[in-house]
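J.: I have a structure here, written as structure tokens, and I will follow up with some questions on it.
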Amino acid sequence: MKLQIQPIGNSYSEQVIDLILNIQQKEFNIPITIKDQPDLLQIESFYTEAGGNFWGAFVGDELVGSIALVKFDKRAGAIRKMFVKKEFRGKELNIAQELLEVLISFCRENGIDDLYLGTITVLKAAQRFYERNQFVKVEKRNLPVKFPLMSADDIFYHLNIYRI
């Protein structure tokens with residue numbers, strides 16, 4: 001199985017929505033719908049045009065993972081939409097790690113020093129993953145003013161990419 005990671009746009013919205021909603025709703029029972037995530041219908045205007053990006057991980061023609069970057073300040077961005085299909089998770093394919101490394105490389109090339117993200121308590125494996133990658137927990141009150149909060153998020157992380 002050959003993994004390919006590439007920037008994706010609006011033409012992939014349907015596949016991205018299918019991937020993400022299945023994981024959120026069916027696997028983790030998170031009561032979230034597409035109405036709560038209108039960015040997935042406007043990938044290019046929400047992510048790319050603002051200076052961020054949205055990547056898809058493909059095995060063959062199948063979209064098996066995603067990660068996105070929202071640039072919310074001159075030198076800061078927020079990681080969003082990091083998901084990998086259950087059957088493609090783990091160290092064997094290392095898709096989550098590959099996605100994160102593509103995003104961090106993009107940040108280095110585009111002068112983004114600080115990465116932030118929000119997640120939720122139930123996503124324990126995600127928290128372990130970020131901590132293994134040197135993200136540090138931060139209190140909500142210590143997030144940058146312009147950080148784009150998601151209502152479901154209750155745990156937050158920060159990484160200065162020049163410290164890694």
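Identifiers in this document derive from the order of the structure tokens: chains are assigned A, B, ..., residues are numbered from 1 separately in each chain, and ligands are numbered from 1 in order of occurrence.
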Write out as a VMD selection string each polymer residue whose atoms come within 12 Å of segment 31-47 of chain A, counting only C-alpha atoms; drop sequence neighbours fewer than 5 positions from it.
T.: chain A and resid 7 to 26 52 to 56 66 to 72 77 to 81 148 150 to 153
J.: Let me see the file: selected residues, N, CA and C atoms, as a short mmCIF file (atom, residue, chain, number, x, y, z; two decimals), in the first residue's frame.
T.:
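The new file again03.cif reads:
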```cif
data_model
loop_
_atom_site.label_atom_id
_atom_site.label_comp_id
_atom_site.auth_asym_id
_atom_site.auth_seq_id
_atom_site.Cartn_x
_atom_site.Cartn_y
_atom_site.Cartn_z
N PRO A 7 -2.11 18.29 -1.30
CA PRO A 7 -3.10 19.33 -1.00
C PRO A 7 -4.40 19.01 -1.75
N ILE A 8 -5.51 19.25 -1.10
CA ILE A 8 -6.80 19.02 -1.74
C ILE A 8 -7.68 20.26 -1.59
N GLY A 9 -8.67 20.36 -2.48
CA GLY A 9 -9.56 21.51 -2.47
C GLY A 9 -11.02 21.09 -2.47
N ASN A 10 -11.85 22.00 -2.93
CA ASN A 10 -13.31 21.82 -2.89
C ASN A 10 -13.79 20.57 -3.61
N SER A 11 -13.07 20.14 -4.64
CA SER A 11 -13.53 18.96 -5.38
C SER A 11 -13.50 17.69 -4.53
N TYR A 12 -12.83 17.75 -3.39
CA TYR A 12 -12.76 16.60 -2.49
C TYR A 12 -13.71 16.73 -1.29
N SER A 13 -14.50 17.80 -1.25
CA SER A 13 -15.36 18.04 -0.09
C SER A 13 -16.21 16.84 0.30
N GLU A 14 -16.84 16.20 -0.67
CA GLU A 14 -17.72 15.07 -0.37
C GLU A 14 -16.96 13.93 0.32
N GLN A 15 -15.79 13.60 -0.21
CA GLN A 15 -14.98 12.53 0.38
C GLN A 15 -14.49 12.92 1.78
N VAL A 16 -14.09 14.18 1.95
CA VAL A 16 -13.62 14.66 3.25
C VAL A 16 -14.74 14.61 4.28
N ILE A 17 -15.92 15.07 3.89
CA ILE A 17 -17.07 15.05 4.79
C ILE A 17 -17.40 13.62 5.20
N ASP A 18 -17.39 12.71 4.26
CA ASP A 18 -17.67 11.31 4.55
C ASP A 18 -16.65 10.74 5.54
N LEU A 19 -15.38 10.99 5.29
CA LEU A 19 -14.31 10.52 6.18
C LEU A 19 -14.49 11.06 7.59
N ILE A 20 -14.62 12.37 7.71
CA ILE A 20 -14.62 13.03 9.01
C ILE A 20 -15.90 12.74 9.80
N LEU A 21 -17.06 12.87 9.16
CA LEU A 21 -18.31 12.62 9.90
C LEU A 21 -18.41 11.18 10.39
N ASN A 22 -17.95 10.22 9.58
CA ASN A 22 -17.97 8.84 10.02
C ASN A 22 -17.15 8.65 11.29
N ILE A 23 -15.98 9.25 11.34
CA ILE A 23 -15.13 9.12 12.52
C ILE A 23 -15.76 9.84 13.71
N GLN A 24 -16.20 11.08 13.50
CA GLN A 24 -16.76 11.86 14.60
C GLN A 24 -18.03 11.22 15.16
N GLN A 25 -18.97 10.90 14.28
CA GLN A 25 -20.28 10.45 14.72
C GLN A 25 -20.33 8.97 15.08
N LYS A 26 -19.81 8.13 14.20
CA LYS A 26 -19.98 6.69 14.38
C LYS A 26 -18.94 6.10 15.33
N GLY A 52 -3.39 29.12 4.69
CA GLY A 52 -3.20 27.78 5.24
C GLY A 52 -3.26 26.75 4.12
N ASN A 53 -3.67 25.53 4.46
CA ASN A 53 -3.78 24.49 3.45
C ASN A 53 -4.61 23.34 4.01
N PHE A 54 -4.98 22.43 3.15
CA PHE A 54 -5.75 21.23 3.53
C PHE A 54 -5.16 20.07 2.74
N TRP A 55 -4.75 19.01 3.45
CA TRP A 55 -4.12 17.88 2.79
C TRP A 55 -4.95 16.62 2.98
N GLY A 56 -4.87 15.77 1.98
CA GLY A 56 -5.50 14.46 2.07
C GLY A 56 -4.44 13.38 1.95
N SER A 66 -6.78 13.08 6.76
CA SER A 66 -6.78 14.50 6.43
C SER A 66 -6.11 15.29 7.55
N ILE A 67 -5.63 16.46 7.19
CA ILE A 67 -5.13 17.44 8.16
C ILE A 67 -5.25 18.80 7.48
N ALA A 68 -5.53 19.82 8.28
CA ALA A 68 -5.67 21.16 7.71
C ALA A 68 -4.99 22.18 8.62
N LEU A 69 -4.62 23.29 8.00
CA LEU A 69 -4.01 24.39 8.72
C LEU A 69 -4.80 25.66 8.45
N VAL A 70 -5.26 26.29 9.53
CA VAL A 70 -5.90 27.60 9.45
C VAL A 70 -4.85 28.61 9.89
N LYS A 71 -4.46 29.50 9.00
CA LYS A 71 -3.55 30.56 9.39
C LYS A 71 -4.39 31.67 10.01
N PHE A 72 -4.17 31.93 11.30
CA PHE A 72 -5.03 32.92 11.96
C PHE A 72 -4.27 34.17 12.41
N GLY A 77 -0.71 29.42 13.33
CA GLY A 77 -1.75 28.64 12.67
C GLY A 77 -2.37 27.64 13.62
N ALA A 78 -3.55 27.16 13.23
CA ALA A 78 -4.26 26.16 14.01
C ALA A 78 -4.41 24.90 13.18
N ILE A 79 -4.09 23.77 13.80
CA ILE A 79 -4.31 22.48 13.13
C ILE A 79 -5.76 22.12 13.28
N ARG A 80 -6.35 21.72 12.17
CA ARG A 80 -7.76 21.29 12.17
C ARG A 80 -7.88 20.01 11.36
N LYS A 81 -8.97 19.32 11.58
CA LYS A 81 -9.42 18.21 10.73
C LYS A 81 -8.37 17.11 10.56
N PRO A 148 -8.96 30.36 16.39
CA PRO A 148 -10.34 30.01 15.99
C PRO A 148 -10.89 28.83 16.81
N MET A 150 -13.25 26.03 18.38
CA MET A 150 -14.36 25.14 17.98
C MET A 150 -15.11 24.83 19.27
N SER A 151 -16.43 24.89 19.22
CA SER A 151 -17.22 24.75 20.45
C SER A 151 -16.99 23.43 21.17
N ALA A 152 -16.73 22.35 20.44
CA ALA A 152 -16.57 21.04 21.08
C ALA A 152 -15.24 20.89 21.81
N ASP A 153 -14.23 21.64 21.42
CA ASP A 153 -12.88 21.45 21.98
C ASP A 153 -12.79 21.86 23.44
#
```
J.: Run DSSP on the backbone and grab whatever in chain A lands in strand (DSSP E or B); send it over as a PyMOL selection string.
T.: chain A and resi 3-7+53-59+62-73+76-84+114-119+136-138+155-160
J.: Name the residues in contact with Cys107 of chain A at a cut-off of 12 Å, using only C-alpha atoms, excluding same-chain residues fewer than 2 positions from it; report them as JSON, numbers by chain.
T.: {"A": [51, 52, 53, 68, 69, 70, 71, 74, 75, 76, 77, 78, 79, 100, 101, 102, 103, 104, 105, 109, 110, 111, 112, 113, 114, 115, 159, 160, 161, 162]}
J.: Store the residues picked out above, limited to N, CA and C atoms, as a PDB file, in the first residue's frame.
T.:
```
ATOM      1  N   GLY A  51      -4.082  31.501   3.550  1.00  0.00           N
ATOM      2  CA  GLY A  51      -2.670  31.266   3.829  1.00  0.00           C
ATOM      3  C   GLY A  51      -2.365  29.928   4.472  1.00  0.00           C
ATOM      4  N   GLY A  52      -3.392  29.120   4.687  1.00  0.00           N
ATOM      5  CA  GLY A  52      -3.195  27.777   5.236  1.00  0.00           C
ATOM      6  C   GLY A  52      -3.257  26.751   4.120  1.00  0.00           C
ATOM      7  N   ASN A  53      -3.665  25.530   4.458  1.00  0.00           N
ATOM      8  CA  ASN A  53      -3.783  24.492   3.448  1.00  0.00           C
ATOM      9  C   ASN A  53      -4.608  23.338   4.008  1.00  0.00           C
ATOM     10  N   ALA A  68      -5.528  19.818   8.278  1.00  0.00           N
ATOM     11  CA  ALA A  68      -5.673  21.156   7.715  1.00  0.00           C
ATOM     12  C   ALA A  68      -4.993  22.177   8.618  1.00  0.00           C
ATOM     13  N   LEU A  69      -4.625  23.287   8.003  1.00  0.00           N
ATOM     14  CA  LEU A  69      -4.007  24.393   8.720  1.00  0.00           C
ATOM     15  C   LEU A  69      -4.799  25.659   8.452  1.00  0.00           C
ATOM     16  N   VAL A  70      -5.262  26.291   9.533  1.00  0.00           N
ATOM     17  CA  VAL A  70      -5.896  27.602   9.446  1.00  0.00           C
ATOM     18  C   VAL A  70      -4.848  28.612   9.894  1.00  0.00           C
ATOM     19  N   LYS A  71      -4.460  29.501   8.995  1.00  0.00           N
ATOM     20  CA  LYS A  71      -3.545  30.560   9.395  1.00  0.00           C
ATOM     21  C   LYS A  71      -4.394  31.666  10.010  1.00  0.00           C
ATOM     22  N   LYS A  74      -0.179  36.386  11.623  1.00  0.00           N
ATOM     23  CA  LYS A  74       0.949  36.457  10.686  1.00  0.00           C
ATOM     24  C   LYS A  74       1.879  35.254  10.811  1.00  0.00           C
ATOM     25  N   ARG A  75       2.164  34.817  12.037  1.00  0.00           N
ATOM     26  CA  ARG A  75       3.124  33.729  12.250  1.00  0.00           C
ATOM     27  C   ARG A  75       2.531  32.585  13.070  1.00  0.00           C
ATOM     28  N   ALA A  76       1.196  32.450  13.046  1.00  0.00           N
ATOM     29  CA  ALA A  76       0.552  31.395  13.846  1.00  0.00           C
ATOM     30  C   ALA A  76      -0.555  30.710  13.054  1.00  0.00           C
ATOM     31  N   GLY A  77      -0.712  29.422  13.328  1.00  0.00           N
ATOM     32  CA  GLY A  77      -1.752  28.643  12.665  1.00  0.00           C
ATOM     33  C   GLY A  77      -2.375  27.642  13.621  1.00  0.00           C
ATOM     34  N   ALA A  78      -3.545  27.164  13.227  1.00  0.00           N
ATOM     35  CA  ALA A  78      -4.259  26.160  14.013  1.00  0.00           C
ATOM     36  C   ALA A  78      -4.406  24.896  13.176  1.00  0.00           C
ATOM     37  N   ILE A  79      -4.095  23.767  13.796  1.00  0.00           N
ATOM     38  CA  ILE A  79      -4.307  22.482  13.131  1.00  0.00           C
ATOM     39  C   ILE A  79      -5.762  22.120  13.279  1.00  0.00           C
ATOM     40  N   LEU A 100       1.223  15.152   9.790  1.00  0.00           N
ATOM     41  CA  LEU A 100       1.742  16.218  10.648  1.00  0.00           C
ATOM     42  C   LEU A 100       3.054  16.772  10.098  1.00  0.00           C
ATOM     43  N   GLU A 101       3.919  15.913   9.610  1.00  0.00           N
ATOM     44  CA  GLU A 101       5.208  16.373   9.079  1.00  0.00           C
ATOM     45  C   GLU A 101       5.034  17.218   7.822  1.00  0.00           C
ATOM     46  N   VAL A 102       4.065  16.882   6.983  1.00  0.00           N
ATOM     47  CA  VAL A 102       3.773  17.707   5.801  1.00  0.00           C
ATOM     48  C   VAL A 102       3.301  19.095   6.238  1.00  0.00           C
ATOM     49  N   LEU A 103       2.440  19.137   7.236  1.00  0.00           N
ATOM     50  CA  LEU A 103       1.928  20.413   7.738  1.00  0.00           C
ATOM     51  C   LEU A 103       3.057  21.250   8.348  1.00  0.00           C
ATOM     52  N   ILE A 104       3.911  20.626   9.148  1.00  0.00           N
ATOM     53  CA  ILE A 104       5.019  21.363   9.777  1.00  0.00           C
ATOM     54  C   ILE A 104       5.991  21.884   8.717  1.00  0.00           C
ATOM     55  N   SER A 105       6.274  21.101   7.691  1.00  0.00           N
ATOM     56  CA  SER A 105       7.137  21.571   6.592  1.00  0.00           C
ATOM     57  C   SER A 105       6.527  22.790   5.911  1.00  0.00           C
ATOM     58  N   GLU A 109       8.154  26.578   5.638  1.00  0.00           N
ATOM     59  CA  GLU A 109       8.328  27.245   4.342  1.00  0.00           C
ATOM     60  C   GLU A 109       7.561  28.556   4.255  1.00  0.00           C
ATOM     61  N   ASN A 110       6.550  28.714   5.103  1.00  0.00           N
ATOM     62  CA  ASN A 110       5.675  29.887   5.006  1.00  0.00           C
ATOM     63  C   ASN A 110       5.732  30.792   6.233  1.00  0.00           C
ATOM     64  N   GLY A 111       6.772  30.659   7.040  1.00  0.00           N
ATOM     65  CA  GLY A 111       6.990  31.577   8.154  1.00  0.00           C
ATOM     66  C   GLY A 111       5.985  31.468   9.286  1.00  0.00           C
ATOM     67  N   ILE A 112       5.410  30.288   9.466  1.00  0.00           N
ATOM     68  CA  ILE A 112       4.483  30.080  10.584  1.00  0.00           C
ATOM     69  C   ILE A 112       5.262  29.373  11.690  1.00  0.00           C
ATOM     70  N   ASP A 113       5.449  30.071  12.818  1.00  0.00           N
ATOM     71  CA  ASP A 113       6.286  29.558  13.906  1.00  0.00           C
ATOM     72  C   ASP A 113       5.503  28.770  14.947  1.00  0.00           C
ATOM     73  N   ASP A 114       4.280  29.191  15.181  1.00  0.00           N
ATOM     74  CA  ASP A 114       3.510  28.615  16.285  1.00  0.00           C
ATOM     75  C   ASP A 114       2.267  27.905  15.785  1.00  0.00           C
ATOM     76  N   LEU A 115       2.114  26.682  16.252  1.00  0.00           N
ATOM     77  CA  LEU A 115       0.942  25.874  15.927  1.00  0.00           C
ATOM     78  C   LEU A 115       0.125  25.653  17.192  1.00  0.00           C
ATOM     79  N   LEU A 159       2.639  24.249  19.898  1.00  0.00           N
ATOM     80  CA  LEU A 159       3.978  23.813  19.502  1.00  0.00           C
ATOM     81  C   LEU A 159       4.662  24.968  18.800  1.00  0.00           C
ATOM     82  N   ASN A 160       5.856  25.317  19.303  1.00  0.00           N
ATOM     83  CA  ASN A 160       6.685  26.242  18.546  1.00  0.00           C
ATOM     84  C   ASN A 160       7.564  25.372  17.663  1.00  0.00           C
ATOM     85  N   ILE A 161       7.406  25.459  16.355  1.00  0.00           N
ATOM     86  CA  ILE A 161       8.065  24.490  15.472  1.00  0.00           C
ATOM     87  C   ILE A 161       9.574  24.668  15.400  1.00  0.00           C
ATOM     88  N   TYR A 162      10.088  25.769  15.888  1.00  0.00           N
ATOM     89  CA  TYR A 162      11.549  25.942  15.882  1.00  0.00           C
ATOM     90  C   TYR A 162      12.193  25.321  17.104  1.00  0.00           C
TER      91      TYR A 162
END
```
J.: Hey, could you make a per-residue contact list for segment 99-156 of chain A against segment 83-93 of chain A with 12 Å as the cut-off, showing the nearest pair of atoms and its distance in Å to one decimal, counting only C-alpha atoms, sorted by chain and number, as a tab-separated table?
T.:
```
residue	atom	partner	partner_atom	distance
A:Leu99	CA	A:Phe83	CA	9.6
A:Leu100	CA	A:Phe83	CA	10.9
A:Thr119	CA	A:Phe83	CA	11.6
A:Leu123	CA	A:Phe83	CA	11.0
A:Ala125	CA	A:Gly90	CA	10.3
A:Ala126	CA	A:Phe83	CA	9.3
A:Phe129	CA	A:Gly90	CA	10.6
```
J.: Kindly export the residues of the current selection with C-alpha atoms, as an mmCIF file, in the first residue's frame.
T.:
```cif
data_model
loop_
_atom_site.group_PDB
_atom_site.id
_atom_site.type_symbol
_atom_site.label_atom_id
_atom_site.label_comp_id
_atom_site.auth_asym_id
_atom_site.auth_seq_id
_atom_site.Cartn_x
_atom_site.Cartn_y
_atom_site.Cartn_z
ATOM 1 C CA LEU A 99 0.356 14.242 7.704
ATOM 2 C CA LEU A 100 1.742 16.218 10.648
ATOM 3 C CA THR A 119 -9.239 18.538 20.734
ATOM 4 C CA LEU A 123 -9.815 11.512 21.898
ATOM 5 C CA ALA A 125 -4.984 8.595 21.332
ATOM 6 C CA ALA A 126 -4.907 12.011 19.650
ATOM 7 C CA PHE A 129 0.045 11.570 19.566
#
```
J.: Of the residues A:Ile120, A:Val64, A:Phe58, A:Thr48, which is the one nearest to Asn29 of chain A, using only C-alpha atoms?
T.: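 The shortest atom-to-atom distance to Asn29 of chain A comes from A:Ile120.
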J.: Taking only C-alpha atoms into account, which of A:Ile5, A:Phe156, A:Val59, A:Gln97 comes nearest Asn133 of chain A?
T.: A:Gln97
J.: Within segment 106-157 of chain A, find each residue whose DSSP state, derived from the backbone, is helix (DSSP H, G or I), and express the selection as a PyMOL selection string.
T.: chain A and resi 106-109+124-132+140-142
